[in-house]
Amino acid sequence: MSSPALLEIRDVNFAYDSRPILKGINMTFPKGKLIAIMGLSGCGKTTILRHIGGVLKPTRGYVKMDGQIIHELDQDNLYQMRRKMGMLFQFGALFTDMTVYDNVAFQMREHTDLPEEIIRDLVMMKLHAVGLYGTQNLMPAELSGGMARRVALARTVALDPMLIMYDEPFAGLDPISLTVVGELIRRLNDALGATSIVVTHDVQESLKIVDYVYFVSDGAIIAEGTADEIRASGEAFVKQFVHGEMDGPIPFHYPAGDYNKDLGVRA
Amino acid sequence: MSILDNLRGIGARVVNAVWRIGYASRFFLMTLLYSGMSFRRFRLTVREIFFSGVMSLIIILVAGMFVGMVLGLQGYETLKRYGSESALGSLVALSLVRELGPVLAALLFASRAGSAMTAEIGLMKATEQIAAMELMAVNPIARVVAPRFWAGVISMPLLAAMFSAMGVFGGYVVGVVLIGVDEGSFWSQMQGAVDFQHDVLNGVIKSLVFGVAVTVISLFEGYDSPPTAEGVSGATTRTVVQSSLAILMLDFILTAFMFRGD
Ligand SMILES: Nc1ncnc2c1ncn2[C@@H]1O[C@H](COP(=O)(O)OP(=O)(O)OP(=O)(O)O)[C@@H](O)[C@H]1O
Ligand SMILES: [Mg+2]
């Protein structure tokens with residue numbers, strides 16, 4: 001592949017204990033694009049992000065970023081690589097013992113020698129960008145869930161990463177914040193010249209902003225395409241997902257033995 | 001069948017225990033290895049000294065005072081039988097400096113600061129703060145664990161010293177002020193009996209060892225706790241139980257080496 005992809009995932013397989021979670025995932029993330037990974041709860045989306053961050057090692061296949069295979073890096077190089085990434089956690093993961101200000105300033109203080117005045121200006125800029133200028137002295141416990149998410153967003157992009165990963169950025173936001181955060185993700189991506197990955201259930205919101213979509217079900221990719229292709233798609237599972245129908249090819253249940261048989265055996 | 005199951009259970013538990021000891025040792029080594037930041041950015045450590053050391057100060061001072069007062073009473077009762085009430089000062093001071101100061105201060109530190117460390121780190125893990133830090137290319141052992149470790153190791157001897165000082169004062173209040181032991185002999189006997197190297201230095205070594213044991217156990221339990229509410233509360237309990245046992249066992253071993261009947 002000679003396309004200028006920032007990130008490639010090739011044939012990644014992964015299992016927790018002996019339960020397979022990812023089954024041969026292939027994805028390509030070209031520079032500058034905003035890409036969504038969609039799928040039902042528990043299908044392995046967060047697990048994919050953990051592989052990109054180098055927290056989990058694939059049992060087969062590899063994740064390659066900027067020409068380097070993530071799971072082959074030693075600790076120093078992995079940390080070097082992680083500095084190019086930003087990740088918004090599903091539940092924010094703000095440092096609860098620090099103020100909003102210190103949270104956003106955290107990476108600047110850890111990784112740069114910037115003087116405090118410049119850090120201050122940068123923090124205020126980032127907070128302003130997420131619409132939370134003025135909250136800098138609050139503690140995370142004093143924020144609502146949606147506000148905490150936006151602070152976490154400011155913290156994620158504090159050092160202008162090349163790759164930004166968002167794990168469920170839309171969950172639990174009111175309709176206005178939803179649009180704001182969606183726009184913000186698009187704007188941050190384009191302004192920073194970054195590449196972004198949005199993991200989400202929110203089909204309608206994300207189709208408005210993303211360039212390309214991967215649908216994951218049960219650890220494998222079952223559909224992919226540009227936002228327009230997805231909207232126009234006639235494939236049953238895509239339609240099922242886009243319209244949120246119960247019945248269709250995507251299994252709603254956790255993979256296990258036959259429920260009816262279980263009842264039968266016990267009765 | 002059930003015997004086999006029992007055996008298997010015991011085996012699994014032994015393997016698990018050995019595995020955990022190995023894991024904890026590795027954790028301890030990593031903490032030492034990544035301690036650079038705790039000293040280069042000493043402010044991080046100072047902050048933790050405040051939270052674990054200074055916050056334990058009140059309870060240590062109050063407890064020291066009462067223990068000293070009890071020593072004063074009991075010591076006087078016993079010494080009076082042999083007509084050597086004037087030795088009260090040395091009895092109080094030696095008991096405190098050699099044993100009660102380091103041991104009781106460490107026990108209090110484990111339940112006050114150790115459990116708080118476990119809960120804090122366990123919650124940071126449960127709420128993905130540790131994972132977030134790691135993905136921000138900041139080593140959580142260096143940034144979170146090591147400063148707390150060194151804060152505990154630095155605080156422990158100081159707290160033990162304050163416990164002993166408060167205890168001596170408590171013994172003085174009961175012995176001299178309330179009971180009426182001669183003040184001059186109280187202090188001079190104490191001065192004569194307490195040897196700097198043999199008593200004071202050994203006491204400091206003890207509390208350093210206890211400081212290492214308590215903080216390593218607390219930090220490891222927090223770092224290793226399952227990321228759930230029950231996980232964290234279980235880890236907090238284990239911290240207090242294991243630290244207390246470790247302190248008492250180590251105290252016996254150290255005492256045997258330091259004061260073997262000479
Ligand atoms: N630490 C773990 N140990 C064992 N299994 C795990 C662990 N973490 C996740 N899993 C399993 O891996 C599967 C995928 O989890 P993952 O977190 O990637 O899902 P997800 O797609 O992000 O779901 P959601 O949309 O609900 O966040 C789930 O079925 C879950 O049971
Ligand atoms: Mg998830």
# chains A, B, ... in the order shown; residues from 1 in each chain; ligands from 1
>>> residues_near_ligand(ligand="ligand 1", cutoff="8 Å", atoms="only C-alpha atoms and all ligand atoms", output="ChimeraX atom specification")
/A:16-17,19,21,39-48,90,167-168,199-201,219,254
>>> interface_residues(of="chain A", to="chain B", cutoff="9 Å", atoms="only C-alpha atoms", output="list in words")
Gly53, Gly54, Val55, Leu78, Tyr79, Gln80, Met81, Arg82, Arg83, Met85, Gly86, Met87, Leu88, Phe89, Phe91, Gly92, Ala93, Leu94, Phe95, Thr96, Gln107, Glu110, His111 and Thr156 of chain A
>>> select_by_dssp(residues="segment 114-267 of chain A", states="strand (DSSP E or B)", output="PDB file with N, CA, C and O atoms, in the first residue's frame")
ATOM      1  N   LEU A 163      -2.871  12.196  15.634  1.00  0.00           N
ATOM      2  CA  LEU A 163      -3.981  11.253  15.579  1.00  0.00           C
ATOM      3  C   LEU A 163      -4.842  11.465  16.822  1.00  0.00           C
ATOM      4  O   LEU A 163      -4.331  11.435  17.937  1.00  0.00           O
ATOM      5  N   ILE A 164      -6.115  11.718  16.597  1.00  0.00           N
ATOM      6  CA  ILE A 164      -6.999  11.920  17.743  1.00  0.00           C
ATOM      7  C   ILE A 164      -8.042  10.812  17.740  1.00  0.00           C
ATOM      8  O   ILE A 164      -8.694  10.570  16.723  1.00  0.00           O
ATOM      9  N   MET A 165      -8.180  10.146  18.893  1.00  0.00           N
ATOM     10  CA  MET A 165      -9.170   9.072  19.001  1.00  0.00           C
ATOM     11  C   MET A 165     -10.260   9.505  19.975  1.00  0.00           C
ATOM     12  O   MET A 165      -9.967   9.979  21.070  1.00  0.00           O
ATOM     13  N   TYR A 166     -11.491   9.343  19.561  1.00  0.00           N
ATOM     14  CA  TYR A 166     -12.612   9.705  20.423  1.00  0.00           C
ATOM     15  C   TYR A 166     -13.419   8.457  20.718  1.00  0.00           C
ATOM     16  O   TYR A 166     -13.947   7.837  19.803  1.00  0.00           O
ATOM     17  N   ASP A 167     -13.516   8.095  21.983  1.00  0.00           N
ATOM     18  CA  ASP A 167     -14.329   6.937  22.342  1.00  0.00           C
ATOM     19  C   ASP A 167     -15.681   7.446  22.833  1.00  0.00           C
ATOM     20  O   ASP A 167     -15.776   8.015  23.917  1.00  0.00           O
ATOM     21  N   THR A 195      -5.530  13.464  11.969  1.00  0.00           N
ATOM     22  CA  THR A 195      -6.386  12.376  11.517  1.00  0.00           C
ATOM     23  C   THR A 195      -7.195  11.962  12.736  1.00  0.00           C
ATOM     24  O   THR A 195      -6.636  11.862  13.823  1.00  0.00           O
ATOM     25  N   SER A 196      -8.504  11.767  12.549  1.00  0.00           N
ATOM     26  CA  SER A 196      -9.316  11.469  13.725  1.00  0.00           C
ATOM     27  C   SER A 196     -10.108  10.183  13.559  1.00  0.00           C
ATOM     28  O   SER A 196     -10.534   9.847  12.458  1.00  0.00           O
ATOM     29  N   ILE A 197     -10.273   9.501  14.665  1.00  0.00           N
ATOM     30  CA  ILE A 197     -11.092   8.290  14.690  1.00  0.00           C
ATOM     31  C   ILE A 197     -12.194   8.513  15.715  1.00  0.00           C
ATOM     32  O   ILE A 197     -11.910   8.825  16.869  1.00  0.00           O
ATOM     33  N   VAL A 198     -13.433   8.383  15.279  1.00  0.00           N
ATOM     34  CA  VAL A 198     -14.549   8.559  16.199  1.00  0.00           C
ATOM     35  C   VAL A 198     -15.245   7.223  16.371  1.00  0.00           C
ATOM     36  O   VAL A 198     -15.735   6.644  15.405  1.00  0.00           O
ATOM     37  N   VAL A 199     -15.254   6.739  17.589  1.00  0.00           N
ATOM     38  CA  VAL A 199     -15.976   5.506  17.893  1.00  0.00           C
ATOM     39  C   VAL A 199     -17.331   5.898  18.430  1.00  0.00           C
ATOM     40  O   VAL A 199     -17.416   6.706  19.355  1.00  0.00           O
ATOM     41  N   THR A 200     -18.386   5.400  17.841  1.00  0.00           N
ATOM     42  CA  THR A 200     -19.693   5.911  18.249  1.00  0.00           C
ATOM     43  C   THR A 200     -20.829   4.986  17.878  1.00  0.00           C
ATOM     44  O   THR A 200     -20.713   4.131  17.003  1.00  0.00           O
ATOM     45  N   TYR A 212     -15.448   8.739   6.333  1.00  0.00           N
ATOM     46  CA  TYR A 212     -15.489   7.317   6.011  1.00  0.00           C
ATOM     47  C   TYR A 212     -15.978   6.565   7.238  1.00  0.00           C
ATOM     48  O   TYR A 212     -15.748   6.994   8.369  1.00  0.00           O
ATOM     49  N   VAL A 213     -16.673   5.463   7.019  1.00  0.00           N
ATOM     50  CA  VAL A 213     -17.244   4.721   8.135  1.00  0.00           C
ATOM     51  C   VAL A 213     -16.876   3.239   8.030  1.00  0.00           C
ATOM     52  O   VAL A 213     -16.926   2.654   6.946  1.00  0.00           O
ATOM     53  N   TYR A 214     -16.491   2.660   9.180  1.00  0.00           N
ATOM     54  CA  TYR A 214     -16.359   1.202   9.279  1.00  0.00           C
ATOM     55  C   TYR A 214     -17.439   0.707  10.225  1.00  0.00           C
ATOM     56  O   TYR A 214     -17.581   1.217  11.331  1.00  0.00           O
ATOM     57  N   PHE A 215     -18.177  -0.305   9.776  1.00  0.00           N
ATOM     58  CA  PHE A 215     -19.145  -0.944  10.666  1.00  0.00           C
ATOM     59  C   PHE A 215     -18.527  -2.215  11.220  1.00  0.00           C
ATOM     60  O   PHE A 215     -18.060  -3.051  10.450  1.00  0.00           O
ATOM     61  N   VAL A 216     -18.540  -2.355  12.528  1.00  0.00           N
ATOM     62  CA  VAL A 216     -17.988  -3.552  13.152  1.00  0.00           C
ATOM     63  C   VAL A 216     -19.118  -4.307  13.814  1.00  0.00           C
ATOM     64  O   VAL A 216     -19.990  -3.711  14.452  1.00  0.00           O
ATOM     65  N   SER A 217     -19.132  -5.614  13.609  1.00  0.00           N
ATOM     66  CA  SER A 217     -20.078  -6.423  14.349  1.00  0.00           C
ATOM     67  C   SER A 217     -19.354  -7.671  14.787  1.00  0.00           C
ATOM     68  O   SER A 217     -18.690  -8.327  13.972  1.00  0.00           O
ATOM     69  N   ALA A 220     -15.669  -8.172  13.685  1.00  0.00           N
ATOM     70  CA  ALA A 220     -15.242  -8.151  12.282  1.00  0.00           C
ATOM     71  C   ALA A 220     -15.927  -6.983  11.572  1.00  0.00           C
ATOM     72  O   ALA A 220     -16.986  -6.515  12.000  1.00  0.00           O
ATOM     73  N   ILE A 221     -15.301  -6.520  10.493  1.00  0.00           N
ATOM     74  CA  ILE A 221     -15.903  -5.425   9.738  1.00  0.00           C
ATOM     75  C   ILE A 221     -16.959  -6.005   8.802  1.00  0.00           C
ATOM     76  O   ILE A 221     -16.669  -6.920   8.020  1.00  0.00           O
ATOM     77  N   ILE A 222     -18.182  -5.483   8.903  1.00  0.00           N
ATOM     78  CA  ILE A 222     -19.225  -6.041   8.047  1.00  0.00           C
ATOM     79  C   ILE A 222     -19.631  -5.067   6.951  1.00  0.00           C
ATOM     80  O   ILE A 222     -20.331  -5.439   6.028  1.00  0.00           O
ATOM     81  N   ALA A 223     -19.224  -3.803   7.065  1.00  0.00           N
ATOM     82  CA  ALA A 223     -19.535  -2.861   5.991  1.00  0.00           C
ATOM     83  C   ALA A 223     -18.620  -1.677   6.141  1.00  0.00           C
ATOM     84  O   ALA A 223     -18.148  -1.365   7.234  1.00  0.00           O
ATOM     85  N   GLU A 224     -18.340  -0.990   5.030  1.00  0.00           N
ATOM     86  CA  GLU A 224     -17.556   0.236   5.110  1.00  0.00           C
ATOM     87  C   GLU A 224     -17.899   1.099   3.919  1.00  0.00           C
ATOM     88  O   GLU A 224     -18.457   0.621   2.929  1.00  0.00           O
ATOM     89  N   GLY A 225     -17.589   2.382   4.025  1.00  0.00           N
ATOM     90  CA  GLY A 225     -17.874   3.269   2.908  1.00  0.00           C
ATOM     91  C   GLY A 225     -17.887   4.709   3.359  1.00  0.00           C
ATOM     92  O   GLY A 225     -17.777   5.005   4.556  1.00  0.00           O
ATOM     93  N   THR A 226     -18.008   5.609   2.386  1.00  0.00           N
ATOM     94  CA  THR A 226     -18.101   7.024   2.730  1.00  0.00           C
ATOM     95  C   THR A 226     -19.487   7.299   3.313  1.00  0.00           C
ATOM     96  O   THR A 226     -20.390   6.458   3.212  1.00  0.00           O
TER      97      THR A 226
END
>>> closest_residue(among="A:Asp11, A:Asp218, A:Glu117, A:Asp102", to="Ala152 of chain A", atoms="only C-alpha atoms")
A:Asp102
>>> residues_around(residues="segment 42-48 of chain B", least_positions_apart="2", cutoff="8 Å", atoms="only C-alpha atoms", output="MDAnalysis selection string")
chainID B and resid 37:40 50:53 147:148 150:151
>>> closest_residue(among="A:Ala5, A:Met38, A:Ile230, A:Leu122", to="ligand 2", atoms="only C-alpha atoms and all ligand atoms")
A:Met38
>>> select_by_dssp(residues="segment 11-255 of chain B", states="alpha helix (DSSP H)", output="VMD selection string")
chain B and resid 11 to 33 36 to 40 42 to 48 55 to 81 88 to 94 101 to 109 115 to 126 129 to 135 140 146 to 172 183 to 193 202 to 224 229 to 255
>>> atom_distance(atom1="atom CA of Leu6 of chain A", atom2="atom CA of Ala191 of chain A")
16.9 Å
